[in-house]
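Trainee: Here you go, input.cif (mmCIF, C-alpha atoms and all ligand atoms):
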```cif
data_structure
loop_
_atom_site.label_atom_id
_atom_site.label_comp_id
_atom_site.auth_asym_id
_atom_site.auth_seq_id
_atom_site.Cartn_x
_atom_site.Cartn_y
_atom_site.Cartn_z
CA MET A 168 65.88 -73.99 26.08
CA PHE A 169 68.03 -71.43 24.30
CA MET A 170 66.45 -69.60 21.39
CA ASP A 171 67.92 -67.00 19.09
CA THR A 172 66.43 -63.62 19.90
CA LEU A 173 65.68 -61.70 16.70
CA VAL A 174 65.94 -57.89 16.76
CA LYS A 175 63.91 -56.48 13.86
CA LYS A 176 62.99 -53.02 12.66
CA ILE A 177 59.23 -52.56 12.34
CA THR A 178 58.14 -53.70 8.86
CA PRO A 179 55.08 -55.57 7.52
CA GLU A 180 57.15 -58.78 7.78
CA SER A 181 58.30 -58.27 11.38
CA LEU A 182 54.76 -57.24 12.41
CA ALA A 183 53.36 -60.43 10.85
CA LEU A 184 55.95 -62.46 12.78
CA ALA A 185 55.10 -60.55 15.99
CA LYS A 186 51.40 -61.29 15.53
CA ARG A 187 52.06 -64.99 14.95
CA LEU A 188 54.30 -65.23 18.03
CA ILE A 189 51.75 -63.41 20.21
CA GLU A 190 48.99 -65.75 19.01
CA GLU A 191 51.28 -68.70 19.83
CA GLU A 192 51.46 -67.32 23.41
CA GLN A 193 55.12 -66.26 23.02
CA LEU A 194 56.59 -62.93 24.17
CA VAL A 195 57.45 -59.98 21.91
CA ALA A 196 59.23 -56.83 23.15
CA PHE A 197 58.07 -53.58 21.55
CA PRO A 198 58.81 -49.85 21.96
CA THR A 199 56.44 -47.27 23.44
CA GLU A 200 57.01 -43.55 24.08
CA THR A 201 58.06 -44.35 27.67
CA VAL A 202 60.09 -47.58 27.81
CA TYR A 203 60.16 -50.94 25.93
CA GLY A 204 57.36 -53.33 26.91
CA LEU A 205 57.48 -57.12 27.11
CA GLY A 206 54.27 -58.00 25.26
CA ALA A 207 52.10 -61.06 25.90
CA LEU A 208 48.56 -62.04 24.91
CA ALA A 209 46.52 -60.74 27.86
CA THR A 210 43.90 -63.49 27.54
CA SER A 211 46.46 -66.33 27.75
CA GLU A 212 47.44 -67.76 31.15
CA ILE A 213 50.40 -69.48 29.46
CA ALA A 214 51.76 -66.25 27.97
CA ILE A 215 51.29 -64.37 31.27
CA LYS A 216 53.08 -67.12 33.19
CA ARG A 217 55.99 -66.71 30.74
CA VAL A 218 56.17 -62.97 31.48
CA TYR A 219 56.51 -63.53 35.22
CA GLU A 220 59.06 -66.29 34.66
CA VAL A 221 61.43 -64.52 32.28
CA LYS A 222 61.31 -61.26 34.24
CA GLY A 223 61.59 -62.93 37.65
CA ARG A 224 58.69 -60.66 38.58
CA PRO A 225 56.97 -61.13 41.96
CA SER A 226 53.62 -62.86 41.37
CA ASP A 227 51.68 -60.20 43.30
CA ASN A 228 52.68 -57.37 40.95
CA PRO A 229 49.93 -57.00 38.31
CA LEU A 230 50.53 -56.18 34.63
CA ILE A 231 49.24 -53.29 32.53
CA VAL A 232 47.16 -54.18 29.46
CA HIS A 233 48.03 -52.21 26.32
CA VAL A 234 45.57 -51.59 23.48
CA HIS A 235 45.52 -49.56 20.27
CA LYS A 236 43.68 -46.24 20.09
CA ASP A 237 40.56 -47.59 18.40
CA TYR A 238 40.17 -50.58 20.73
CA ASP A 239 36.90 -50.55 22.69
CA ILE A 240 38.13 -50.84 26.29
CA SER A 241 34.57 -51.40 27.55
CA LYS A 242 35.14 -55.00 26.42
CA LEU A 243 37.62 -55.31 29.30
CA VAL A 244 36.59 -52.82 32.00
CA GLU A 245 33.62 -50.88 33.40
CA VAL A 246 33.66 -47.41 31.85
CA ASN A 247 31.31 -44.77 33.22
CA GLU A 248 30.39 -42.79 30.11
CA ASN A 249 29.61 -39.66 32.14
CA GLY A 250 32.35 -39.88 34.73
CA TYR A 251 35.60 -37.95 35.13
CA ALA A 252 37.63 -40.89 33.76
CA LYS A 253 36.22 -40.32 30.30
CA LYS A 254 37.42 -36.70 30.35
CA ILE A 255 40.88 -37.70 31.51
CA ALA A 256 41.12 -40.38 28.83
CA LYS A 257 40.07 -37.84 26.21
CA ALA A 258 42.68 -35.34 27.36
CA PHE A 259 45.70 -37.63 27.86
CA THR A 260 45.32 -40.79 25.82
CA PRO A 261 46.90 -42.07 23.69
CA GLY A 262 49.84 -41.17 25.92
CA PRO A 263 52.01 -41.99 28.91
CA LEU A 264 49.03 -42.54 31.22
CA THR A 265 47.76 -45.88 32.57
CA MET A 266 44.23 -45.90 33.99
CA VAL A 267 43.05 -48.43 36.57
CA TYR A 268 39.36 -49.40 36.10
CA LYS A 269 37.02 -52.00 37.57
CA SER A 270 37.76 -55.20 35.65
CA LYS A 271 35.24 -57.27 33.69
CA LYS A 272 37.64 -60.21 34.17
CA ARG A 273 37.97 -60.97 30.47
CA VAL A 274 41.75 -61.36 30.68
CA ALA A 275 43.97 -64.02 32.27
CA SER A 276 43.38 -63.96 36.02
CA SER A 277 47.10 -64.27 36.88
CA LEU A 278 47.68 -60.90 35.18
CA SER A 279 45.56 -59.07 37.79
CA CYS A 280 46.99 -60.92 40.79
CA GLY A 281 43.56 -61.30 42.36
CA LEU A 282 42.66 -57.59 42.12
CA GLU A 283 39.15 -56.50 41.08
CA THR A 284 40.73 -53.83 38.88
CA LEU A 285 42.56 -53.78 35.57
CA ALA A 286 45.18 -51.26 34.41
CA ILE A 287 44.82 -50.11 30.78
CA ARG A 288 47.18 -48.03 28.68
CA VAL A 289 46.88 -46.70 25.15
CA PRO A 290 50.44 -45.77 24.21
CA GLN A 291 51.02 -42.94 21.82
CA SER A 292 54.15 -43.77 19.87
CA LYS A 293 53.71 -44.66 16.22
CA GLU A 294 55.61 -47.94 16.68
CA ALA A 295 53.50 -49.07 19.65
CA GLN A 296 50.30 -48.19 17.76
CA GLU A 297 51.48 -50.11 14.70
CA PHE A 298 52.22 -53.22 16.75
CA LEU A 299 48.99 -53.08 18.80
CA THR A 300 46.81 -52.33 15.76
CA PHE A 301 48.37 -55.14 13.74
CA VAL A 302 47.93 -57.68 16.55
CA ASN A 303 44.49 -56.26 17.47
CA GLN A 304 44.40 -58.04 20.83
CA PRO A 305 44.86 -56.75 24.40
CA ILE A 306 48.57 -57.06 25.18
CA ALA A 307 49.89 -57.32 28.74
CA ALA A 308 53.23 -55.55 28.86
CA PRO A 309 55.46 -54.79 31.81
CA SER A 310 58.75 -53.04 31.16
CA ALA A 311 61.05 -55.34 29.17
CA ASN A 312 63.76 -55.75 31.79
CA ILE A 313 64.68 -58.39 34.35
CA SER A 314 62.78 -57.47 37.52
CA LYS A 315 64.65 -54.81 39.57
CA HIS A 316 67.09 -53.98 36.76
CA ILE A 317 66.99 -50.63 34.94
CA SER A 318 64.03 -50.19 32.56
CA PRO A 319 64.97 -50.45 28.86
CA VAL A 320 64.81 -47.49 26.48
CA THR A 321 66.54 -49.12 23.50
CA ALA A 322 66.22 -52.53 21.79
CA GLN A 323 69.84 -53.15 22.86
CA HIS A 324 68.88 -52.78 26.54
CA VAL A 325 66.13 -55.40 26.05
CA TYR A 326 68.59 -57.68 24.26
CA GLN A 327 71.09 -57.43 27.16
CA ASP A 328 68.46 -58.68 29.63
CA PHE A 329 66.56 -61.19 27.45
CA ASN A 330 68.86 -62.56 24.76
CA GLY A 331 67.98 -66.24 24.46
CA ALA A 332 64.84 -65.90 26.60
CA ILE A 333 62.35 -64.35 24.14
CA PRO A 334 61.99 -64.86 20.36
CA LEU A 335 61.57 -61.27 19.08
CA ILE A 336 62.36 -57.65 19.89
CA LEU A 337 60.79 -55.00 17.65
CA ASP A 338 63.35 -52.21 17.34
CA GLY A 339 61.87 -48.71 17.18
CA GLY A 340 64.97 -46.79 18.30
CA ARG A 341 65.30 -44.95 21.60
CA CYS A 342 62.15 -44.18 23.61
CA GLN A 343 61.69 -40.45 24.10
CA GLY A 344 59.73 -40.17 27.37
CA GLY A 345 62.17 -42.33 29.22
CA ILE A 346 60.27 -43.02 32.45
CA GLU A 347 57.25 -45.31 32.85
CA SER A 348 53.65 -44.15 32.48
CA THR A 349 51.76 -42.44 35.28
CA VAL A 350 49.40 -45.01 36.90
CA LEU A 351 46.06 -43.44 37.81
CA ASP A 352 43.26 -45.11 39.78
CA VAL A 353 39.90 -43.96 38.36
CA THR A 354 37.66 -46.27 40.41
CA GLY A 355 37.01 -43.82 43.28
CA GLU A 356 35.37 -40.42 43.84
CA VAL A 357 38.50 -38.62 42.65
CA PRO A 358 41.42 -39.79 40.51
CA VAL A 359 44.43 -40.99 42.51
CA ILE A 360 47.98 -41.25 41.18
CA LEU A 361 49.46 -44.62 42.17
CA ARG A 362 52.73 -44.20 40.28
CA LYS A 363 54.19 -40.83 39.31
CA GLY A 364 55.09 -40.22 35.68
CA LEU A 365 55.06 -37.75 32.82
CA ILE A 366 51.39 -36.87 33.35
CA THR A 367 51.27 -35.02 36.69
CA ALA A 368 48.51 -34.33 39.22
CA GLU A 369 48.59 -30.66 38.19
CA MET A 370 47.83 -31.59 34.58
CA ILE A 371 44.93 -33.85 35.61
CA LYS A 372 43.52 -31.22 37.99
CA GLN A 373 43.34 -28.79 35.12
CA VAL A 374 40.96 -31.15 33.31
CA VAL A 375 38.76 -32.53 36.12
CA GLY A 376 39.43 -30.23 39.08
CA ALA A 377 40.84 -32.83 41.46
CA CYS A 378 43.65 -35.38 41.65
CA GLU A 379 45.39 -36.93 44.62
CA TYR A 380 48.57 -38.88 45.20
CA ALA A 381 48.35 -42.26 46.90
CA GLU A 382 50.76 -42.51 49.76
CA GLU A 383 53.80 -44.46 48.77
CA THR A 384 53.87 -47.29 51.17
CA VAL A 385 56.01 -50.34 51.67
CA THR A 386 53.22 -52.42 53.19
CA GLN A 387 51.44 -55.34 51.54
CA LYS A 388 48.40 -53.08 51.22
CA ALA A 389 50.05 -50.82 48.67
CA LYS A 390 47.34 -49.91 46.16
CA SER A 391 49.75 -50.24 43.26
CA PRO A 392 51.59 -53.35 44.34
CA GLY A 393 54.62 -52.68 42.14
CA MET A 394 55.54 -49.57 44.09
CA LYS A 395 56.68 -51.53 47.11
CA TYR A 396 59.56 -53.20 45.26
CA SER A 397 63.00 -51.73 44.73
CA HIS A 398 63.53 -51.04 41.06
CA TYR A 399 65.91 -49.71 38.49
CA THR A 400 69.11 -50.87 40.15
CA PRO A 401 72.37 -50.56 38.15
CA ASN A 402 74.70 -53.60 38.24
CA CYS A 403 77.74 -51.57 39.33
CA SER A 404 78.51 -49.87 42.64
CA THR A 405 76.90 -46.47 43.25
CA ALA A 406 77.37 -43.51 45.57
CA LEU A 407 74.83 -40.78 46.33
CA PHE A 408 75.73 -37.44 47.92
CA GLU A 409 73.86 -34.32 49.03
CA ARG A 410 74.04 -31.40 46.57
CA ASN A 411 76.43 -29.53 48.88
CA GLU A 412 78.86 -32.46 49.11
CA ILE A 413 80.68 -31.88 45.82
CA GLU A 414 84.13 -32.25 47.46
CA LYS A 415 83.16 -35.65 48.88
CA GLY A 416 81.99 -36.86 45.48
CA VAL A 417 85.14 -35.61 43.80
CA ALA A 418 87.32 -37.20 46.52
CA LEU A 419 85.64 -40.57 45.91
CA TYR A 420 86.12 -40.21 42.15
CA GLU A 421 89.84 -39.42 42.59
CA GLU A 422 90.29 -42.25 45.09
CA LEU A 423 88.75 -44.78 42.69
CA GLU A 424 90.78 -43.46 39.76
CA GLY A 425 93.93 -43.74 41.93
CA LYS A 426 93.14 -47.41 42.45
CA GLY A 427 92.84 -47.93 38.70
CA LYS A 428 89.03 -48.11 38.82
CA LYS A 429 86.81 -46.18 36.45
CA ALA A 430 84.25 -43.88 38.05
CA VAL A 431 81.67 -41.70 36.32
CA PHE A 432 79.48 -38.84 37.49
CA LEU A 433 75.77 -38.92 36.57
CA VAL A 434 74.57 -35.38 37.26
CA ASP A 435 72.32 -32.51 36.21
CA GLU A 436 73.79 -29.51 34.40
CA GLU A 437 74.07 -27.34 37.51
CA ILE A 438 76.43 -29.85 39.13
CA ALA A 439 78.17 -30.85 35.89
CA LEU A 440 79.56 -27.31 35.70
CA LEU A 441 81.43 -27.89 38.99
CA LEU A 442 83.17 -31.11 37.98
CA GLY A 443 85.76 -29.86 35.50
CA SER A 444 86.99 -32.30 32.88
CA ARG A 445 86.11 -35.45 34.82
CA ARG A 446 83.98 -38.18 33.21
CA ILE A 447 80.32 -37.07 33.24
CA LEU A 448 76.99 -38.49 32.08
CA HIS A 449 74.77 -35.45 31.54
CA LEU A 450 71.19 -35.79 32.80
CA GLY A 451 70.31 -32.37 31.40
CA ALA A 452 68.75 -29.24 32.84
CA THR A 453 64.97 -29.67 32.72
CA GLY A 454 62.57 -32.29 34.10
CA GLU A 455 61.72 -33.42 30.56
CA GLN A 456 65.39 -33.86 29.65
CA MET A 457 66.14 -35.75 32.85
CA ALA A 458 63.10 -38.05 32.42
CA SER A 459 64.18 -38.78 28.87
CA ASN A 460 67.87 -39.38 29.71
CA LEU A 461 67.79 -41.16 33.07
CA TYR A 462 67.49 -44.84 32.06
CA ASP A 463 69.76 -44.54 29.05
CA LEU A 464 72.46 -43.00 31.25
CA LEU A 465 72.01 -45.57 34.03
CA HIS A 466 72.63 -48.26 31.41
CA GLU A 467 75.67 -46.31 30.18
CA GLY A 468 76.90 -45.85 33.77
CA GLU A 469 76.85 -49.62 34.34
CA LYS A 470 79.84 -49.89 32.02
CA TYR A 471 81.95 -48.22 34.77
CA ASP A 472 83.00 -49.47 38.21
CA CYS A 473 81.06 -46.82 40.10
CA ILE A 474 78.37 -44.22 39.36
CA ILE A 475 78.71 -41.16 41.58
CA THR A 476 75.71 -38.88 41.84
CA PHE A 477 74.05 -36.10 43.85
CA LYS A 478 70.46 -35.67 44.99
CA LEU A 479 68.21 -33.86 42.50
CA ASN A 480 66.59 -30.47 42.90
CA LEU A 481 62.88 -31.24 43.42
CA ASN A 482 61.60 -28.00 41.95
CA SER A 483 58.67 -29.27 39.84
CA GLU A 484 56.08 -32.04 39.84
CA LEU A 485 57.85 -33.69 36.94
CA MET A 486 61.07 -33.70 38.97
CA LEU A 487 59.18 -35.65 41.68
CA SER A 488 58.41 -38.29 39.03
CA VAL A 489 62.03 -38.39 37.89
CA ASN A 490 63.22 -38.56 41.50
CA ASN A 491 60.87 -41.43 42.20
CA ARG A 492 63.01 -43.57 39.80
CA PHE A 493 66.32 -41.87 40.55
CA SER A 494 66.08 -42.40 44.30
CA LYS A 495 65.20 -46.08 43.77
CA ALA A 496 68.22 -46.56 41.51
CA PHE A 497 70.46 -45.12 44.23
CA PHE A 498 68.54 -46.44 47.23
CA LYS A 499 71.34 -48.94 47.90
CA ALA A 500 73.81 -46.09 48.18
CA GLU A 501 71.63 -44.03 50.48
CA ASN A 502 71.08 -47.04 52.72
CA LYS A 503 74.79 -47.59 53.14
CA LYS A 504 75.47 -44.12 54.51
P1 LIG B 601 55.50 -52.20 35.10
O1 LIG B 601 54.74 -53.28 34.43
O2 LIG B 601 56.84 -52.66 35.58
O3 LIG B 601 55.52 -50.93 34.34
O4 LIG B 601 54.67 -51.89 36.41
C1 LIG B 601 53.27 -51.74 36.34
C2 LIG B 601 52.78 -50.92 37.50
O5 LIG B 601 51.36 -50.80 37.41
C3 LIG B 601 53.10 -51.57 38.83
O6 LIG B 601 53.45 -50.57 39.76
C4 LIG B 601 51.77 -52.23 39.18
O7 LIG B 601 51.62 -52.44 40.54
C5 LIG B 601 50.77 -51.23 38.61
N1 LIG B 601 49.48 -51.86 38.34
C6 LIG B 601 49.18 -52.73 37.37
N2 LIG B 601 47.89 -53.13 37.45
C7 LIG B 601 47.36 -52.49 38.51
C8 LIG B 601 46.07 -52.47 39.12
N3 LIG B 601 45.06 -53.20 38.65
N4 LIG B 601 45.90 -51.68 40.19
C9 LIG B 601 46.91 -50.93 40.65
N5 LIG B 601 48.14 -50.89 40.13
C10 LIG B 601 48.38 -51.66 39.07
MG MG B 602 58.99 -52.21 35.44
#
```
Go ahead and express the file in the form of structure tokens.
Ligand code: AMP
Ligand code: MG

Mentor:
Amino acid sequence: MFMDTLVKKITPESLALAKRLIEEEQLVAFPTETVYGLGALATSEIAIKRVYEVKGRPSDNPLIVHVHKDYDISKLVEVNENGYAKKIAKAFTPGPLTMVYKSKKRVASSLSCGLETLAIRVPQSKEAQEFLTFVNQPIAAPSANISKHISPVTAQHVYQDFNGAIPLILDGGRCQGGIESTVLDVTGEVPVILRKGLITAEMIKQVVGACEYAEETVTQKAKSPGMKYSHYTPNCSTALFERNEIEKGVALYEELEGKGKKAVFLVDEEIALLLGSRRILHLGATGEQMASNLYDLLHEGEKYDCIITFKLNLNSELMLSVNNRFSKAFFKAENKK
């Protein structure tokens, strides 16, 4: 059934509508400091089923539960008051960090995909806090994009993927962080990063002395099931080159232009300087800038026939997080070579 998707700035009226829709087990997209989330009442099997359906998300990829900063998460998960997890939560939440705890199974079982654990995030942005506080319920929220498409960082991106499929998008402008939260398993002896993000192992080590990375694996046993899927794919053709293959990239650009096609470079500042007056989407110079710009520019790049890019310099932990998304967006291209 087609419904009109409303896009509303955050006001007392739109928040009241959002709360009503959530309580009616409908979906509401809302902004966080990382990307837009597709919110659903975490205790409702019906609402969770809707999330998987509209996203086309594989049913073995669990959802993250979002709560406001004053929500008592011990209602949902086992929290060891004296453990390292408490220190990490104190240091980095609210923020772009999702923590995986042992579940008390108080939420819809389809949300956890049969796992004994539950992922919890307390987002930091004012808009996300307003929405979560107003609703005052645990909200399951994956990124608000069709599964495998680029994650959304504006209300417009959400609208492109879900117009007619969800009733309401709360518009809080462009998300600043740009890449999804770090996912951290806090159920073991030491914290383990399951998905890289803005909070890095180095930052966590400074607080609790230890932090490991889970191996990224493509097997069914992946600890963070979502990591085994390809993600973030633009709907246009793409080409990925080594950093020393500038001539090849330029040759492809000129060839496409000669055929009347529109190509665009998506590159960091170091490479942008070598491309003259050709069409360029500027990722920026630092890890923070690139994290913040990546998804917006991938969406922008989709308006062209081909995005041409070059591998990133992996010179910081944050750049590893950025590259984790970047390399998945251009995986297709790498595979072809
Ligand atoms: P998304 O909702 O698209 O931001 O993806 C959520 C990520 O969190 C995926 O990679 C999931 O596999 C991961 N995740 C969610 N819940 C859990 C959990 N209980 N244990 C491990 N990873 C989880
Ligand atoms: Mg996602």

Trainee: Which residues are near range 224-241 of chain A? Cut-off 6 Å, all atoms listed in the file, ignore same chain within fewer than 2 positions. Put them as a VMD selection string.

Mentor: chain A and resid 219 222 243 to 246 278 to 280 286 to 289 296 299 to 300 305 to 309 314 392 to 393

Trainee: Any chance you can output those residues with C-alpha atoms as a PDB file, keeping the file's coordinate frame?

Mentor:
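File selection07.pdb, as written:
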```
ATOM      1  CA  TYR A 219      56.510 -63.530  35.220  1.00  0.00           C
ATOM      2  CA  LYS A 222      61.310 -61.260  34.240  1.00  0.00           C
ATOM      3  CA  LEU A 243      37.620 -55.310  29.300  1.00  0.00           C
ATOM      4  CA  VAL A 244      36.590 -52.820  32.000  1.00  0.00           C
ATOM      5  CA  GLU A 245      33.620 -50.880  33.400  1.00  0.00           C
ATOM      6  CA  VAL A 246      33.660 -47.410  31.850  1.00  0.00           C
ATOM      7  CA  LEU A 278      47.680 -60.900  35.180  1.00  0.00           C
ATOM      8  CA  SER A 279      45.560 -59.070  37.790  1.00  0.00           C
ATOM      9  CA  CYS A 280      46.990 -60.920  40.790  1.00  0.00           C
ATOM     10  CA  ALA A 286      45.180 -51.260  34.410  1.00  0.00           C
ATOM     11  CA  ILE A 287      44.820 -50.110  30.780  1.00  0.00           C
ATOM     12  CA  ARG A 288      47.180 -48.030  28.680  1.00  0.00           C
ATOM     13  CA  VAL A 289      46.880 -46.700  25.150  1.00  0.00           C
ATOM     14  CA  GLN A 296      50.300 -48.190  17.760  1.00  0.00           C
ATOM     15  CA  LEU A 299      48.990 -53.080  18.800  1.00  0.00           C
ATOM     16  CA  THR A 300      46.810 -52.330  15.760  1.00  0.00           C
ATOM     17  CA  PRO A 305      44.860 -56.750  24.400  1.00  0.00           C
ATOM     18  CA  ILE A 306      48.570 -57.060  25.180  1.00  0.00           C
ATOM     19  CA  ALA A 307      49.890 -57.320  28.740  1.00  0.00           C
ATOM     20  CA  ALA A 308      53.230 -55.550  28.860  1.00  0.00           C
ATOM     21  CA  PRO A 309      55.460 -54.790  31.810  1.00  0.00           C
ATOM     22  CA  SER A 314      62.780 -57.470  37.520  1.00  0.00           C
ATOM     23  CA  PRO A 392      51.590 -53.350  44.340  1.00  0.00           C
ATOM     24  CA  GLY A 393      54.620 -52.680  42.140  1.00  0.00           C
TER      25      GLY A 393
END
```

Trainee: Please tabulate, as a Markdown table, the residues of chain A that come within 10 Å of ligand MG 602 (chain B), each with its closest pair of atoms and the distance in Å to one decimal, counting only C-alpha atoms and all ligand atoms and ordering rows by chain, then residue number upward.

Mentor:
```
| residue | atom | partner | partner_atom | distance |
| --- | --- | --- | --- | --- |
| A:Val202 | CA | B:MG602 | MG | 9.0 |
| A:Tyr203 | CA | B:MG602 | MG | 9.7 |
| A:Gly204 | CA | B:MG602 | MG | 8.8 |
| A:Leu205 | CA | B:MG602 | MG | 9.8 |
| A:Lys222 | CA | B:MG602 | MG | 9.4 |
| A:Arg224 | CA | B:MG602 | MG | 9.0 |
| A:Asn228 | CA | B:MG602 | MG | 9.8 |
| A:Leu230 | CA | B:MG602 | MG | 9.4 |
| A:Ala308 | CA | B:MG602 | MG | 9.4 |
| A:Pro309 | CA | B:MG602 | MG | 5.7 |
| A:Ser310 | CA | B:MG602 | MG | 4.4 |
| A:Ala311 | CA | B:MG602 | MG | 7.3 |
| A:Asn312 | CA | B:MG602 | MG | 7.0 |
| A:Ile313 | CA | B:MG602 | MG | 8.5 |
| A:Ser314 | CA | B:MG602 | MG | 6.8 |
| A:Lys315 | CA | B:MG602 | MG | 7.5 |
| A:His316 | CA | B:MG602 | MG | 8.4 |
| A:Ile317 | CA | B:MG602 | MG | 8.2 |
| A:Ser318 | CA | B:MG602 | MG | 6.1 |
| A:Pro319 | CA | B:MG602 | MG | 9.1 |
| A:Ile346 | CA | B:MG602 | MG | 9.7 |
| A:Glu347 | CA | B:MG602 | MG | 7.6 |
| A:Gly393 | CA | B:MG602 | MG | 8.0 |
| A:Met394 | CA | B:MG602 | MG | 9.7 |
| A:Tyr396 | CA | B:MG602 | MG | 9.9 |
| A:His398 | CA | B:MG602 | MG | 7.3 |
| A:Tyr399 | CA | B:MG602 | MG | 8.0 |
```

Trainee: Give me, as a list in words, all polymer residues having an atom no more than 12 Å from Asn411 in chain A, counting only C-alpha atoms and skipping those fewer than 4 positions away in the same chain.

Mentor: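 Within the cut-off, the hits are Leu407, Lys415, Gly416, Val417, Glu437, Ile438, Leu441, Thr476, Phe477, Lys478, Leu479 and Asn480 of chain A.
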
Trainee: Any chance you could export the current selection's C-alpha atoms as a compact mmCIF listing (two decimals), keeping the file's coordinate frame?

Mentor:
```
# COMPACT_ATOMS: atom_id res chain seq x y z
CA LEU A 407 74.83 -40.78 46.33
CA LYS A 415 83.16 -35.65 48.88
CA GLY A 416 81.99 -36.86 45.48
CA VAL A 417 85.14 -35.61 43.80
CA GLU A 437 74.07 -27.34 37.51
CA ILE A 438 76.43 -29.85 39.13
CA LEU A 441 81.43 -27.89 38.99
CA THR A 476 75.71 -38.88 41.84
CA PHE A 477 74.05 -36.10 43.85
CA LYS A 478 70.46 -35.67 44.99
CA LEU A 479 68.21 -33.86 42.50
CA ASN A 480 66.59 -30.47 42.90
```

Trainee: Identify the residues around (76.5, -47.6, 41.2) within a radius of 12 Å, measuring from only C-alpha atoms in the coordinates stated by the file, and give them as a ChimeraX atom specification.

Mentor: /A:317,399-407,429-433,464-476,493,495-501

Trainee: Counting all atoms listed in the file, which of A:Asn482, A:Ser276, A:Thr172, A:Gln291 gets nearest to Ile215 in chain A?

Mentor: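 For Ile215 in chain A, the nearest of the given residues is A:Ser276.
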
Trainee: CA of Val350 in chain A to atom C5 of ligand LIG 601 (chain B): how many Å, to one decimal?

Mentor: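 Between CA of Val350 in chain A and atom C5 of ligand LIG 601 (chain B) the gap works out to 6.6 Å.
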
Trainee: Do you have the CA of Asn249 in chain A-CA of Val359 in chain A distance handy?

Mentor: 18.1 Å

Trainee: Using all atoms listed in the file, which residue out of A:Gly451, A:Gly425, A:Pro358, A:Gly339 lies closest to Thr178 in chain A?

Mentor: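 The shortest atom-to-atom distance to Thr178 in chain A comes from A:Gly339.
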
Trainee: For the point (41.2, -56.2, 42.1) in the file's frame, write as a PDB file with C-alpha atoms, in the frame of the given file all residues with an atom no more than 10 Å away, counting all atoms listed in the file.

Mentor:
```
ATOM      1  CA  PRO A 229      49.930 -57.000  38.310  1.00  0.00           C
ATOM      2  CA  VAL A 267      43.050 -48.430  36.570  1.00  0.00           C
ATOM      3  CA  TYR A 268      39.360 -49.400  36.100  1.00  0.00           C
ATOM      4  CA  LYS A 269      37.020 -52.000  37.570  1.00  0.00           C
ATOM      5  CA  SER A 270      37.760 -55.200  35.650  1.00  0.00           C
ATOM      6  CA  LYS A 272      37.640 -60.210  34.170  1.00  0.00           C
ATOM      7  CA  SER A 279      45.560 -59.070  37.790  1.00  0.00           C
ATOM      8  CA  CYS A 280      46.990 -60.920  40.790  1.00  0.00           C
ATOM      9  CA  GLY A 281      43.560 -61.300  42.360  1.00  0.00           C
ATOM     10  CA  LEU A 282      42.660 -57.590  42.120  1.00  0.00           C
ATOM     11  CA  GLU A 283      39.150 -56.500  41.080  1.00  0.00           C
ATOM     12  CA  THR A 284      40.730 -53.830  38.880  1.00  0.00           C
ATOM     13  CA  LEU A 285      42.560 -53.780  35.570  1.00  0.00           C
ATOM     14  CA  ALA A 286      45.180 -51.260  34.410  1.00  0.00           C
ATOM     15  CA  LYS A 390      47.340 -49.910  46.160  1.00  0.00           C
TER      16      LYS A 390
END
```

Trainee: Please determine, counting all atoms listed in the file, which residue among A:Leu461, A:Ile255, A:Cys342, A:Leu351 has the shortest atom-to-atom distance to ligand LIG 601 (chain B).

Mentor: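 Comparing A:Leu461, A:Ile255, A:Cys342, A:Leu351 against ligand LIG 601 (chain B), the winner is A:Leu351.
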
Trainee: Have a look at A:Val434, A:Val325, A:Cys378, A:Ala207 and name the one nearest to Arg187 in chain A; count all atoms listed in the file.

Mentor: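 Closest residue, counting all atoms listed in the file: A:Ala207.
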
Trainee: Calculate how many Å separate CA of Asn490 in chain A from CA of Gly364 in chain A, rounding to one decimal.

Mentor: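 CA of Gly364 in chain A lies 10.1 Å from CA of Asn490 in chain A.
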
Trainee: Which residue gives the smallest distance to ligand LIG 601 (chain B) among A:Leu264, A:Ile189, A:Leu487, A:Ile336, with all atoms listed in the file counted?

Mentor: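 Ranking A:Leu264, A:Ile189, A:Leu487, A:Ile336 by distance to ligand LIG 601 (chain B), first place goes to A:Leu264.
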
Trainee: Got a sec: who's within 12 Å of Tyr326 in chain A, counting only C-alpha atoms, leaving out chain neighbours fewer than 2 positions off, as an NGL selection string?

Mentor: :A and (171-175 or 195-197 or 203 or 205 or 311-313 or 319-324 or 328-338)

Trainee: Compare A:Glu422, A:Glu414, A:Asp352, A:Glu484 by their minimum atom-to-atom distance to ligand LIG 601 (chain B), counting all atoms listed in the file, and give me the closest one.

Mentor: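 Closest to ligand LIG 601 (chain B), using all atoms listed in the file: A:Asp352.
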